[in-house]
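In what follows, a single structure is set out as structure tokens and then discussed.
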Amino acid sequence: MPKSLIFMAEATRLAMESVENNWGGPFGAVITRDGEIIARGQNRVLLTGDPTAHGEVEAIRKAVQVLNPSAPSIAQSRQNDSTLKPISREEGSPDPLPERARMLKGCEIYTNGAPCPMCMSAIYWARLDAVYFSCDPQATAEIGFSDAYQYEDFDKPLDQRLIPIRQISPDLGATAYQAWKHKPDKHPY
């Protein structure tokens, strides 16, 4: 059996475990590196009450723990030995910075359902190399998990969104931005 099917089978097993134990929706994920599973995650929203406890996010959190076993005590002097090690911007990237932290570059994620907008954002921030999923968004919507309205809402002007969102006191918030902008020893991530 190809490793990709083994990885997808494990993601699905985790999803089934989540359903059977009433931990959350039918979603599981594994993160691999060099052809081996380094982290597993499953939906635990009902278990924890945490709406961000999706399978993909849980797997990302665990992968970071595996790759940074002494976190959160990564001292500034050890940042470059962790997933925070800077790597050069990839050719053709729209990123304005010449380098960013490695994060989970070199890893892939397998998930039994297409990632929701939150999970997909986490996947981008984690810099995973690839995403493989089994059930598409239509199949996911058919069991009551549709993300279409979120994508539609993101395209609307701020004053027309489902959740009221507005800017207040940009000068106040800008103080932290200026501190970061002028910080001589900031670490790119």
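Chain labels A, B, ... are given in the sequence in which chains occur in the structure tokens; within each chain residues are numbered consecutively from 1, and ligands are likewise numbered from 1 in the order shown.
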May I have the residues within 8 Å of range 42-53 of chain A as a PyMOL selection string, using only C-alpha atoms and disregarding those fewer than 2 positions away in the same chain? chain A and resi 11+14-15+18+22-29+40+55-59+118
Would you give me, as a VMD selection string, the residues in chain A that DSSP reads as alpha helix (DSSP H)? chain A and resid 3 to 20 45 to 48 55 to 67 117 to 126 137 to 142 148 to 154 170 to 181
Hey, what does DSSP flag as strand (DSSP E or B) within range 15-146 of chain A? Can you give it to me as a count of residues only? 32
Extract, using only C-alpha atoms, all DNA, RNA and protein residues at most 9 Å from Thr111 in chain A, discarding same-chain residues fewer than 2 positions from it, and format them as a compact mmCIF listing (two decimals) with N, CA, C and O atoms, in the first residue's frame.
```txt
# COMPACT_ATOMS: atom_id res chain seq x y z
N PHE A 7 -1.13 7.11 5.31
CA PHE A 7 -1.31 8.37 6.03
C PHE A 7 -2.78 8.79 6.05
O PHE A 7 -3.29 9.23 7.08
N MET A 8 -3.47 8.63 4.90
CA MET A 8 -4.87 9.01 4.85
C MET A 8 -5.71 8.07 5.72
O MET A 8 -6.67 8.50 6.37
N ALA A 11 -5.36 9.30 9.24
CA ALA A 11 -6.17 10.51 9.44
C ALA A 11 -7.64 10.12 9.62
O ALA A 11 -8.34 10.66 10.49
N THR A 12 -8.10 9.18 8.83
CA THR A 12 -9.49 8.73 8.91
C THR A 12 -9.74 7.96 10.20
O THR A 12 -10.79 8.11 10.83
N PHE A 27 -13.22 14.55 11.79
CA PHE A 27 -12.04 15.10 11.13
C PHE A 27 -10.76 14.70 11.85
O PHE A 27 -10.65 14.87 13.06
N GLY A 28 -9.81 14.19 11.09
CA GLY A 28 -8.51 13.81 11.62
C GLY A 28 -7.43 14.22 10.65
O GLY A 28 -7.68 14.40 9.45
N ALA A 29 -6.22 14.37 11.16
CA ALA A 29 -5.10 14.80 10.32
C ALA A 29 -3.80 14.23 10.85
O ALA A 29 -3.65 14.00 12.06
N VAL A 30 -2.87 14.01 9.94
CA VAL A 30 -1.50 13.64 10.31
C VAL A 30 -0.54 14.54 9.55
O VAL A 30 -0.82 14.97 8.43
N ILE A 31 0.58 14.83 10.19
CA ILE A 31 1.65 15.60 9.55
C ILE A 31 2.83 14.66 9.40
O ILE A 31 3.19 13.93 10.33
N GLY A 55 -8.87 19.11 13.66
CA GLY A 55 -7.83 18.11 13.46
C GLY A 55 -6.54 18.68 12.92
O GLY A 55 -5.44 18.35 13.40
N GLU A 56 -6.63 19.55 11.92
CA GLU A 56 -5.43 20.12 11.31
C GLU A 56 -4.67 21.01 12.28
O GLU A 56 -3.44 20.95 12.37
N ILE A 109 0.68 17.59 5.20
CA ILE A 109 -0.46 17.24 6.03
C ILE A 109 -1.45 16.42 5.22
O ILE A 109 -1.71 16.72 4.05
N GLY A 113 -10.81 15.43 5.49
CA GLY A 113 -11.73 16.40 4.89
C GLY A 113 -10.97 17.63 4.44
O GLY A 113 -9.96 18.00 5.04
N ALA A 114 -11.45 18.27 3.38
CA ALA A 114 -10.80 19.50 2.90
C ALA A 114 -10.77 20.52 4.05
O ALA A 114 -11.77 20.71 4.73
N PRO A 115 -9.63 21.15 4.29
CA PRO A 115 -9.52 22.09 5.41
C PRO A 115 -10.48 23.26 5.30
O PRO A 115 -10.72 23.80 4.22
N VAL A 131 -0.90 19.76 1.04
CA VAL A 131 -2.11 19.32 1.73
C VAL A 131 -2.75 18.23 0.88
O VAL A 131 -2.95 18.41 -0.32
N TYR A 132 -3.09 17.12 1.51
CA TYR A 132 -3.80 16.04 0.85
C TYR A 132 -5.08 15.78 1.63
O TYR A 132 -5.03 15.64 2.86
N PHE A 133 -6.23 15.75 0.95
CA PHE A 133 -7.49 15.50 1.63
C PHE A 133 -8.28 14.42 0.91
O PHE A 133 -8.05 14.14 -0.26
N SER A 134 -9.21 13.83 1.63
CA SER A 134 -10.03 12.76 1.07
C SER A 134 -11.40 13.28 0.65
O SER A 134 -11.75 13.22 -0.51
N CYS A 135 -12.19 13.79 1.58
CA CYS A 135 -13.54 14.27 1.27
C CYS A 135 -13.50 15.75 0.89
O CYS A 135 -12.88 16.56 1.57
```
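Interatomic distance, CA of Arg13 in chain A against CA of Gly41 in chain A: 10.7 Å.
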Distance of CA of Thr140 in chain A from CA of Met120 in chain A, expressed in Å to one decimal place: 14.9 Å
Between CA of Ala179 in chain A and CA of Asp95 in chain A, measure the distance and give it in Å to one decimal.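 Between these atoms lies a distance of 21.1 Å.
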Among the residues A:Glu20, A:Glu108, A:Glu10, A:Glu99, the one that comes closest to Asp34 in chain A [using only C-alpha atoms]: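 Of A:Glu20, A:Glu108, A:Glu10, A:Glu99, the one nearest Asp34 in chain A is A:Glu108, counting only C-alpha atoms.
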Could you give me, as a Markdown table, every range 40-137 of chain A residue with an atom at most 9 Å from range 145-153 of chain A, plus its closest atom pair and distance in Å to one decimal, counting only C-alpha atoms, rows ordered by chain then number?
```
| residue | atom | partner | partner_atom | distance |
| --- | --- | --- | --- | --- |
| A:Cys116 | CA | A:Asp147 | CA | 6.3 |
| A:Pro117 | CA | A:Asp147 | CA | 7.2 |
| A:Pro137 | CA | A:Ser146 | CA | 7.2 |
```
Expected file: the selected residues, all heavy atoms, as a PDB file, in the first residue's frame:
```pdb
ATOM      1  N   CYS A 116     -11.019  23.657   6.455  1.00  0.00           N
ATOM      2  CA  CYS A 116     -11.879  24.841   6.536  1.00  0.00           C
ATOM      3  C   CYS A 116     -10.989  26.089   6.407  1.00  0.00           C
ATOM      4  O   CYS A 116      -9.757  25.991   6.405  1.00  0.00           O
ATOM      5  CB  CYS A 116     -12.628  24.843   7.869  1.00  0.00           C
ATOM      6  SG  CYS A 116     -11.588  25.248   9.298  1.00  0.00           S
ATOM      7  N   PRO A 117     -11.579  27.282   6.319  1.00  0.00           N
ATOM      8  CA  PRO A 117     -10.760  28.502   6.179  1.00  0.00           C
ATOM      9  C   PRO A 117      -9.764  28.702   7.326  1.00  0.00           C
ATOM     10  O   PRO A 117      -8.625  29.100   7.089  1.00  0.00           O
ATOM     11  CB  PRO A 117     -11.797  29.628   6.139  1.00  0.00           C
ATOM     12  CG  PRO A 117     -13.038  28.983   5.628  1.00  0.00           C
ATOM     13  CD  PRO A 117     -13.020  27.582   6.174  1.00  0.00           C
ATOM     14  N   PRO A 137     -15.163  19.664  -0.193  1.00  0.00           N
ATOM     15  CA  PRO A 137     -16.077  20.562   0.516  1.00  0.00           C
ATOM     16  C   PRO A 137     -17.563  20.213   0.327  1.00  0.00           C
ATOM     17  O   PRO A 137     -18.347  20.385   1.255  1.00  0.00           O
ATOM     18  CB  PRO A 137     -15.751  21.940  -0.078  1.00  0.00           C
ATOM     19  CG  PRO A 137     -14.313  21.833  -0.472  1.00  0.00           C
ATOM     20  CD  PRO A 137     -14.168  20.423  -0.987  1.00  0.00           C
TER      21      PRO A 137
END
```
Name all residues at most 7 Å from Gly106 in chain A (count only C-alpha atoms; drop same-chain ones fewer than 5 positions away) and give them as a PyMOL selection string. chain A and resi 33+128-129
Given only C-alpha atoms as the basis, pick out the residue of A:Gln167, A:Asn112, A:Ser93, A:Asn68 nearest to His54 in chain A.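 Ranked by minimum distance to His54 in chain A, first place goes to A:Asn112.
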